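Shown next: my_file27.txt, containing compact mmCIF, N, CA and C atoms.
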```
# COMPACT_ATOMS: atom_id res chain seq x y z
N GLU A 303 0.81 -1.21 0.00
CA GLU A 303 0.00 0.00 0.00
C GLU A 303 0.85 1.26 0.00
N TRP A 304 2.07 1.21 0.54
CA TRP A 304 2.90 2.41 0.61
C TRP A 304 3.26 2.93 -0.78
N ALA A 305 3.30 2.06 -1.77
CA ALA A 305 3.67 2.51 -3.12
C ALA A 305 2.46 2.93 -3.96
N PHE A 306 1.31 2.27 -3.77
CA PHE A 306 0.19 2.47 -4.67
C PHE A 306 -1.12 2.89 -4.00
N GLY A 307 -1.16 2.94 -2.69
CA GLY A 307 -2.43 3.21 -2.02
C GLY A 307 -3.20 1.91 -1.82
N ARG A 308 -4.49 2.00 -1.69
CA ARG A 308 -5.29 0.81 -1.38
C ARG A 308 -5.99 0.18 -2.58
N ASN A 309 -6.28 0.95 -3.59
CA ASN A 309 -7.13 0.47 -4.68
C ASN A 309 -6.31 -0.01 -5.88
N TYR A 310 -5.62 -1.12 -5.69
CA TYR A 310 -4.83 -1.69 -6.78
C TYR A 310 -4.84 -3.21 -6.63
N ARG A 311 -4.40 -3.86 -7.68
CA ARG A 311 -4.16 -5.30 -7.59
C ARG A 311 -2.84 -5.59 -8.30
N GLN A 312 -2.15 -6.59 -7.83
CA GLN A 312 -0.91 -6.98 -8.47
C GLN A 312 -1.23 -7.71 -9.77
N TYR A 313 -0.30 -7.63 -10.72
CA TYR A 313 -0.46 -8.38 -11.96
C TYR A 313 0.93 -8.79 -12.44
N ASP A 314 0.98 -9.78 -13.30
CA ASP A 314 2.24 -10.22 -13.89
C ASP A 314 2.45 -9.46 -15.19
N PRO A 315 3.47 -8.61 -15.24
CA PRO A 315 3.68 -7.82 -16.45
C PRO A 315 4.17 -8.69 -17.61
N ALA A 316 3.70 -8.37 -18.80
CA ALA A 316 4.19 -9.00 -20.02
C ALA A 316 5.54 -8.39 -20.39
N GLN A 317 6.26 -9.03 -21.29
CA GLN A 317 7.57 -8.51 -21.71
C GLN A 317 7.45 -7.10 -22.28
N GLU A 318 6.36 -6.83 -23.01
CA GLU A 318 6.20 -5.48 -23.57
C GLU A 318 5.98 -4.45 -22.46
N ASP A 319 5.40 -4.85 -21.33
CA ASP A 319 5.27 -3.95 -20.18
C ASP A 319 6.65 -3.61 -19.62
N ILE A 320 7.50 -4.61 -19.49
CA ILE A 320 8.86 -4.40 -18.99
C ILE A 320 9.65 -3.52 -19.95
N ASP A 321 9.51 -3.79 -21.25
CA ASP A 321 10.21 -2.99 -22.26
C ASP A 321 9.78 -1.52 -22.19
N LEU A 322 8.47 -1.28 -22.05
CA LEU A 322 7.99 0.10 -21.95
C LEU A 322 8.46 0.74 -20.65
N ALA A 323 8.45 0.00 -19.56
CA ALA A 323 8.94 0.53 -18.28
C ALA A 323 10.41 0.93 -18.40
N GLU A 324 11.22 0.11 -19.05
CA GLU A 324 12.64 0.45 -19.27
C GLU A 324 12.78 1.70 -20.13
N LYS A 325 11.94 1.83 -21.16
CA LYS A 325 11.98 3.01 -22.03
C LYS A 325 11.66 4.27 -21.22
N LEU A 326 10.62 4.20 -20.40
CA LEU A 326 10.23 5.36 -19.59
C LEU A 326 11.28 5.68 -18.53
N LEU A 327 11.89 4.66 -17.95
CA LEU A 327 13.00 4.86 -17.01
C LEU A 327 14.14 5.60 -17.70
N ASN A 328 14.47 5.18 -18.89
CA ASN A 328 15.55 5.82 -19.65
C ASN A 328 15.21 7.28 -19.96
N GLU A 329 13.96 7.55 -20.34
CA GLU A 329 13.53 8.93 -20.60
C GLU A 329 13.67 9.79 -19.35
N CYS A 330 13.25 9.27 -18.21
CA CYS A 330 13.35 10.01 -16.96
C CYS A 330 14.81 10.30 -16.62
N TYR A 331 15.64 9.29 -16.71
CA TYR A 331 17.05 9.43 -16.37
C TYR A 331 17.72 10.46 -17.29
N THR A 332 17.46 10.35 -18.58
CA THR A 332 18.04 11.28 -19.55
C THR A 332 17.61 12.71 -19.27
N LYS A 333 16.33 12.90 -18.93
CA LYS A 333 15.83 14.24 -18.61
C LYS A 333 16.53 14.79 -17.37
N GLU A 334 16.68 13.97 -16.36
CA GLU A 334 17.29 14.44 -15.11
C GLU A 334 18.77 14.78 -15.27
N VAL A 335 19.51 13.98 -16.01
CA VAL A 335 20.95 14.26 -16.14
C VAL A 335 21.22 15.45 -17.06
N SER A 336 20.22 15.85 -17.84
CA SER A 336 20.43 17.00 -18.72
C SER A 336 19.93 18.30 -18.10
N GLY A 337 19.37 18.24 -16.90
CA GLY A 337 18.84 19.43 -16.24
C GLY A 337 19.91 20.23 -15.53
N THR A 338 19.50 21.31 -14.90
CA THR A 338 20.45 22.17 -14.20
C THR A 338 20.97 21.52 -12.91
N LEU A 339 20.17 20.63 -12.33
CA LEU A 339 20.61 19.86 -11.16
C LEU A 339 20.66 18.41 -11.60
N ASN A 340 21.83 17.80 -11.51
CA ASN A 340 21.98 16.40 -11.92
C ASN A 340 22.15 15.55 -10.67
N PRO A 341 21.07 14.94 -10.17
CA PRO A 341 21.18 14.14 -8.96
C PRO A 341 21.97 12.85 -9.17
N PHE A 342 22.25 12.50 -10.43
CA PHE A 342 22.98 11.26 -10.72
C PHE A 342 24.44 11.53 -11.08
N PHE A 343 24.93 12.70 -10.72
CA PHE A 343 26.27 13.12 -11.11
C PHE A 343 27.28 11.98 -10.95
N GLY A 344 27.93 11.64 -12.04
CA GLY A 344 28.97 10.60 -12.02
C GLY A 344 28.44 9.18 -12.17
N ARG A 345 27.14 9.00 -12.29
CA ARG A 345 26.56 7.66 -12.42
C ARG A 345 25.96 7.49 -13.81
N LYS A 346 25.96 6.25 -14.28
CA LYS A 346 25.32 5.91 -15.55
C LYS A 346 24.18 4.94 -15.25
N LEU A 347 23.12 5.04 -16.01
CA LEU A 347 21.95 4.19 -15.79
C LEU A 347 22.32 2.71 -15.85
N GLU A 348 23.27 2.35 -16.70
CA GLU A 348 23.67 0.96 -16.85
C GLU A 348 24.28 0.37 -15.57
N GLN A 349 24.71 1.22 -14.65
CA GLN A 349 25.29 0.76 -13.39
C GLN A 349 24.24 0.23 -12.41
N TYR A 350 22.99 0.59 -12.62
CA TYR A 350 21.94 0.29 -11.65
C TYR A 350 21.24 -1.03 -11.93
N ASN A 351 21.03 -1.80 -10.88
CA ASN A 351 20.13 -2.94 -10.94
C ASN A 351 18.72 -2.40 -10.75
N ARG A 352 17.73 -3.18 -11.17
CA ARG A 352 16.35 -2.72 -11.11
C ARG A 352 15.45 -3.78 -10.48
N GLN A 353 14.50 -3.32 -9.70
CA GLN A 353 13.43 -4.15 -9.18
C GLN A 353 12.12 -3.53 -9.67
N PHE A 354 11.22 -4.36 -10.19
CA PHE A 354 9.94 -3.89 -10.72
C PHE A 354 8.81 -4.41 -9.85
N VAL A 355 7.93 -3.51 -9.43
CA VAL A 355 6.74 -3.89 -8.66
C VAL A 355 5.54 -3.39 -9.45
N PRO A 356 4.79 -4.30 -10.10
CA PRO A 356 3.67 -3.89 -10.95
C PRO A 356 2.35 -3.83 -10.18
N ALA A 357 1.48 -2.93 -10.63
CA ALA A 357 0.15 -2.80 -10.05
C ALA A 357 -0.82 -2.34 -11.13
N GLU A 358 -2.02 -2.86 -11.05
CA GLU A 358 -3.10 -2.35 -11.89
C GLU A 358 -4.04 -1.58 -10.98
N MET A 359 -4.22 -0.31 -11.29
CA MET A 359 -5.02 0.57 -10.45
C MET A 359 -6.51 0.36 -10.70
N GLU A 360 -7.31 0.83 -9.79
CA GLU A 360 -8.75 0.66 -9.86
C GLU A 360 -9.32 1.16 -11.20
N GLY A 361 -8.78 2.24 -11.73
CA GLY A 361 -9.25 2.78 -13.00
C GLY A 361 -8.71 2.06 -14.23
N GLY A 362 -7.82 1.07 -14.02
CA GLY A 362 -7.29 0.30 -15.13
C GLY A 362 -5.87 0.64 -15.54
N ASP A 363 -5.33 1.77 -15.04
CA ASP A 363 -3.95 2.11 -15.39
C ASP A 363 -2.99 1.08 -14.82
N LYS A 364 -2.01 0.72 -15.63
CA LYS A 364 -0.95 -0.18 -15.18
C LYS A 364 0.27 0.66 -14.79
N ILE A 365 0.70 0.48 -13.55
CA ILE A 365 1.81 1.25 -12.97
C ILE A 365 2.90 0.26 -12.57
N ILE A 366 4.15 0.64 -12.78
CA ILE A 366 5.27 -0.14 -12.25
C ILE A 366 6.13 0.80 -11.43
N TRP A 367 6.35 0.41 -10.17
CA TRP A 367 7.30 1.11 -9.31
C TRP A 367 8.65 0.47 -9.58
N ILE A 368 9.64 1.28 -9.96
CA ILE A 368 10.97 0.78 -10.30
C ILE A 368 11.95 1.24 -9.22
N ASN A 369 12.58 0.29 -8.58
CA ASN A 369 13.57 0.53 -7.55
C ASN A 369 14.94 0.27 -8.16
N CYS A 370 15.81 1.28 -8.17
CA CYS A 370 17.12 1.17 -8.81
C CYS A 370 18.22 1.36 -7.77
N PHE A 371 19.26 0.55 -7.89
CA PHE A 371 20.36 0.66 -6.94
C PHE A 371 21.61 0.07 -7.55
N ILE A 372 22.74 0.59 -7.10
CA ILE A 372 24.02 0.05 -7.51
C ILE A 372 24.37 -1.05 -6.53
N TYR A 373 24.59 -2.21 -7.06
CA TYR A 373 24.82 -3.38 -6.21
C TYR A 373 26.09 -3.21 -5.40
N ALA A 374 25.96 -3.44 -4.12
CA ALA A 374 27.10 -3.48 -3.22
C ALA A 374 27.10 -4.85 -2.57
N ASP A 375 28.24 -5.41 -2.38
CA ASP A 375 28.34 -6.76 -1.84
C ASP A 375 28.19 -6.74 -0.32
N VAL A 376 26.97 -6.43 0.10
CA VAL A 376 26.65 -6.44 1.53
C VAL A 376 25.49 -7.42 1.72
N ASP A 377 25.40 -7.98 2.90
CA ASP A 377 24.45 -9.06 3.14
C ASP A 377 23.01 -8.74 2.75
N PHE A 378 22.50 -7.58 3.14
CA PHE A 378 21.08 -7.32 2.87
C PHE A 378 20.77 -7.17 1.39
N GLN A 379 21.78 -6.88 0.57
CA GLN A 379 21.54 -6.72 -0.86
C GLN A 379 21.76 -8.00 -1.65
N LYS A 380 22.30 -9.02 -1.05
CA LYS A 380 22.58 -10.25 -1.78
C LYS A 380 21.31 -10.94 -2.26
N LYS A 381 20.19 -10.67 -1.62
CA LYS A 381 18.93 -11.29 -2.00
C LYS A 381 18.06 -10.35 -2.84
N TRP A 382 18.67 -9.45 -3.59
CA TRP A 382 17.93 -8.42 -4.29
C TRP A 382 16.99 -8.97 -5.35
N LYS A 383 17.21 -10.18 -5.82
CA LYS A 383 16.30 -10.74 -6.83
C LYS A 383 15.03 -11.31 -6.22
N THR A 384 14.99 -11.47 -4.91
CA THR A 384 13.79 -12.00 -4.25
C THR A 384 13.25 -11.07 -3.16
N ASP A 385 14.06 -10.18 -2.62
CA ASP A 385 13.64 -9.29 -1.54
C ASP A 385 13.78 -7.84 -1.99
N MET A 386 12.86 -6.99 -1.53
CA MET A 386 12.94 -5.57 -1.85
C MET A 386 14.13 -4.96 -1.12
N ILE A 387 14.85 -4.12 -1.82
CA ILE A 387 15.97 -3.39 -1.24
C ILE A 387 15.45 -2.02 -0.82
N MET A 388 15.50 -1.75 0.46
CA MET A 388 15.07 -0.47 1.01
C MET A 388 16.20 0.04 1.91
N VAL A 389 16.62 1.27 1.68
CA VAL A 389 17.70 1.84 2.48
C VAL A 389 17.31 3.25 2.91
N ALA A 390 17.97 3.72 3.94
CA ALA A 390 17.86 5.11 4.36
C ALA A 390 19.09 5.81 3.84
N ASP A 391 18.90 6.79 2.99
CA ASP A 391 19.96 7.56 2.36
C ASP A 391 20.70 6.71 1.34
N GLY A 392 22.01 6.64 1.38
CA GLY A 392 22.77 5.91 0.37
C GLY A 392 23.12 6.75 -0.84
N GLY A 393 22.67 8.01 -0.82
CA GLY A 393 23.01 8.89 -1.92
C GLY A 393 22.43 8.43 -3.24
N ASN A 394 23.04 8.90 -4.34
CA ASN A 394 22.49 8.60 -5.66
C ASN A 394 22.78 7.17 -6.13
N ALA A 395 23.28 6.33 -5.25
CA ALA A 395 23.40 4.90 -5.57
C ALA A 395 22.04 4.23 -5.49
N PHE A 396 21.03 4.96 -4.99
CA PHE A 396 19.68 4.42 -4.83
C PHE A 396 18.66 5.46 -5.31
N PHE A 397 17.74 5.04 -6.17
CA PHE A 397 16.62 5.90 -6.54
C PHE A 397 15.45 5.03 -6.98
N ASN A 398 14.27 5.64 -7.01
CA ASN A 398 13.10 4.92 -7.49
C ASN A 398 12.13 5.90 -8.13
N LEU A 399 11.22 5.38 -8.90
CA LEU A 399 10.21 6.17 -9.57
C LEU A 399 9.05 5.27 -9.96
N LYS A 400 7.98 5.88 -10.40
CA LYS A 400 6.83 5.13 -10.92
C LYS A 400 6.69 5.45 -12.40
N VAL A 401 6.28 4.44 -13.16
CA VAL A 401 5.96 4.65 -14.56
C VAL A 401 4.53 4.19 -14.79
N ASN A 402 3.79 5.00 -15.52
CA ASN A 402 2.41 4.65 -15.87
C ASN A 402 2.45 4.13 -17.29
N LEU A 403 2.30 2.82 -17.44
CA LEU A 403 2.38 2.20 -18.76
C LEU A 403 1.19 2.58 -19.63
N THR A 404 0.04 2.78 -19.02
CA THR A 404 -1.16 3.12 -19.77
C THR A 404 -1.04 4.49 -20.41
N ARG A 405 -0.48 5.44 -19.68
CA ARG A 405 -0.37 6.82 -20.16
C ARG A 405 1.01 7.14 -20.77
N GLY A 406 1.98 6.24 -20.58
CA GLY A 406 3.32 6.46 -21.10
C GLY A 406 4.06 7.57 -20.39
N THR A 407 3.89 7.66 -19.06
CA THR A 407 4.50 8.73 -18.28
C THR A 407 5.31 8.17 -17.12
N PHE A 408 6.17 9.02 -16.58
CA PHE A 408 6.91 8.68 -15.36
C PHE A 408 6.67 9.78 -14.34
N TYR A 409 6.79 9.43 -13.06
CA TYR A 409 6.55 10.41 -12.00
C TYR A 409 7.10 9.88 -10.68
N ASP A 410 7.05 10.71 -9.66
CA ASP A 410 7.49 10.38 -8.31
C ASP A 410 8.95 9.91 -8.24
N LEU A 411 9.81 10.54 -9.02
CA LEU A 411 11.24 10.22 -8.94
C LEU A 411 11.74 10.62 -7.56
N MET A 412 12.44 9.71 -6.89
CA MET A 412 13.04 10.00 -5.60
C MET A 412 14.47 9.45 -5.60
N VAL A 413 15.42 10.36 -5.52
CA VAL A 413 16.83 10.00 -5.44
C VAL A 413 17.24 10.11 -3.99
N ASN A 414 17.80 9.06 -3.44
CA ASN A 414 18.18 9.07 -2.02
C ASN A 414 19.24 10.12 -1.77
N GLY A 415 19.16 10.71 -0.60
CA GLY A 415 20.16 11.67 -0.17
C GLY A 415 19.94 13.08 -0.64
N LEU A 416 18.86 13.34 -1.39
CA LEU A 416 18.59 14.70 -1.84
C LEU A 416 17.61 15.36 -0.87
N PRO A 417 17.80 16.67 -0.63
CA PRO A 417 16.88 17.38 0.29
C PRO A 417 15.48 17.50 -0.30
```

Just dump the structure as structure tokens.
Amino acid sequence: EWAFGRNYRQYDPAQEDIDLAEKLLNECYTKEVSGTLNPFFGRKLEQYNRQFVPAEMEGGDKIIWINCFIYADVDFQKKWKTDMIMVADGGNAFFNLKVNLTRGTFYDLMVNGLP
């Protein structure tokens, strides 16, 4: 519920959903690194691992919350393919956003460590 509220259901995304989510992630990242404030200074999108959490909202929109992080060989991150990675701070090695596959948009970008 913390990511989507109460009125959603989980669904299994098709490959085209994942492809579109990656495209929207790339658009968001490219927009942010070309702005006047670059929260990803010194990082490349290819460095980040990704976790996808899909939801279908009550109105039918398909949303994917994308959790991105640079893998560090620490115990809590070793299970990143099965467990959600959540950290406090960590700087720009960690960020997440939502993509709306139905509308082709991205929103709620949050880069760790930014005021």

Kindly extract all protein, DNA and RNA residues lying within 12 Å of the coordinates (19.6, 14.6, -15.2) given in the file, considering only C-alpha atoms, and supply them as number ranges by chain. A: 327-347, 394, 411, 413

Within 6.5 Å of file point (-6.2, -2.5, -7.3), counting all atoms listed in the file, expressed as a ChimeraX atom specification: /A:308-312,358-360

Ranking A:Gln317, A:Trp382, A:Thr404, A:Phe396 by minimum distance to Gly361 of chain A and counting only C-alpha atoms, which one comes first?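 Answer, going by the shortest atom-to-atom distance: A:Thr404.
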
Taking only C-alpha atoms into account, name the residue in A:Asp391, A:Gln349, A:Cys370, A:Leu403 that is nearest to Ala316 of chain A. A:Leu403

Members of chain A assigned strand (DSSP E) by DSSP, as a PyMOL selection string: chain A and resi 310-311+351-359+364-371+396-402+407-413

Measuring atom to atom with all atoms listed in the file, identify which of A:Val355, A:Tyr350, A:Leu326, A:Ile320 is nearest to Thr407 of chain A.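 Of all the options, A:Leu326 lies closest to Thr407 of chain A.
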
Quick one: residues within 6.5 Å of Val401 of chain A, all atoms listed in the file counted, chain neighbours fewer than 2 positions away excluded, as an mmCIF file with N, CA and C atoms, keeping the file's coordinate frame?
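As a result, selection.cif now contains:
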```
data_model
loop_
_atom_site.group_PDB
_atom_site.id
_atom_site.type_symbol
_atom_site.label_atom_id
_atom_site.label_comp_id
_atom_site.auth_asym_id
_atom_site.auth_seq_id
_atom_site.Cartn_x
_atom_site.Cartn_y
_atom_site.Cartn_z
ATOM 1 N N ALA A 323 8.450 0.000 -19.560
ATOM 2 C CA ALA A 323 8.940 0.530 -18.280
ATOM 3 C C ALA A 323 10.410 0.930 -18.400
ATOM 4 N N LYS A 364 -2.010 0.720 -15.630
ATOM 5 C CA LYS A 364 -0.950 -0.180 -15.180
ATOM 6 C C LYS A 364 0.270 0.660 -14.790
ATOM 7 N N ILE A 365 0.700 0.480 -13.550
ATOM 8 C CA ILE A 365 1.810 1.250 -12.970
ATOM 9 C C ILE A 365 2.900 0.260 -12.570
ATOM 10 N N ILE A 366 4.150 0.640 -12.780
ATOM 11 C CA ILE A 366 5.270 -0.140 -12.250
ATOM 12 C C ILE A 366 6.130 0.800 -11.430
ATOM 13 N N TRP A 367 6.350 0.410 -10.170
ATOM 14 C CA TRP A 367 7.300 1.110 -9.310
ATOM 15 C C TRP A 367 8.650 0.470 -9.580
ATOM 16 N N ILE A 368 9.640 1.280 -9.960
ATOM 17 C CA ILE A 368 10.970 0.780 -10.300
ATOM 18 C C ILE A 368 11.950 1.240 -9.220
ATOM 19 N N LEU A 399 11.220 5.380 -8.900
ATOM 20 C CA LEU A 399 10.210 6.170 -9.570
ATOM 21 C C LEU A 399 9.050 5.270 -9.960
ATOM 22 N N LEU A 403 2.300 2.820 -17.440
ATOM 23 C CA LEU A 403 2.380 2.200 -18.760
ATOM 24 C C LEU A 403 1.190 2.580 -19.630
ATOM 25 N N THR A 404 0.040 2.780 -19.020
ATOM 26 C CA THR A 404 -1.160 3.120 -19.770
ATOM 27 C C THR A 404 -1.040 4.490 -20.410
ATOM 28 N N THR A 407 3.890 7.660 -19.060
ATOM 29 C CA THR A 407 4.500 8.730 -18.280
ATOM 30 C C THR A 407 5.310 8.170 -17.120
ATOM 31 N N PHE A 408 6.170 9.020 -16.580
ATOM 32 C CA PHE A 408 6.910 8.680 -15.360
ATOM 33 C C PHE A 408 6.670 9.780 -14.340
ATOM 34 N N TYR A 409 6.790 9.430 -13.060
ATOM 35 C CA TYR A 409 6.550 10.410 -12.000
ATOM 36 C C TYR A 409 7.100 9.880 -10.680
#
```

Interatomic distance, atom N of Gly406 of chain A to atom CA of Asp385 of chain A (Å, one decimal):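 Interatomic distance, atom N of Gly406 of chain A to atom CA of Asp385 of chain A: 27.2 Å.
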
What parts of chain A does DSSP call alpha helix (DSSP H)? I'd like the answer as a list in words.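 The alpha helix (DSSP H) subset of chain A is Gln317, Glu318, Asp319, Ile320, Asp321, Leu322, Ala323, Glu324, Lys325, Leu326, Leu327, Asn328, Glu329, Cys330, Tyr331, Thr332, Lys333, Glu334 and Val335 of chain A.
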
Kindly give the distance, in Å, that separates atom CA of Gly307 of chain A and atom CA of Ile387 of chain A, rounded to a single decimal.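 It comes out at 19.6 Å.
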
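Taking atom C of Phe397 of chain A as the reference point, atom C of Gly362 of chain A is found at 23.4 Å.
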
Would you please work out which residue, of A:Ala357, A:Asn351, A:Arg405, A:Lys381, is nearest to Asp314 of chain A when using all atoms listed in the file?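 The closest residue to Asp314 of chain A is A:Ala357.
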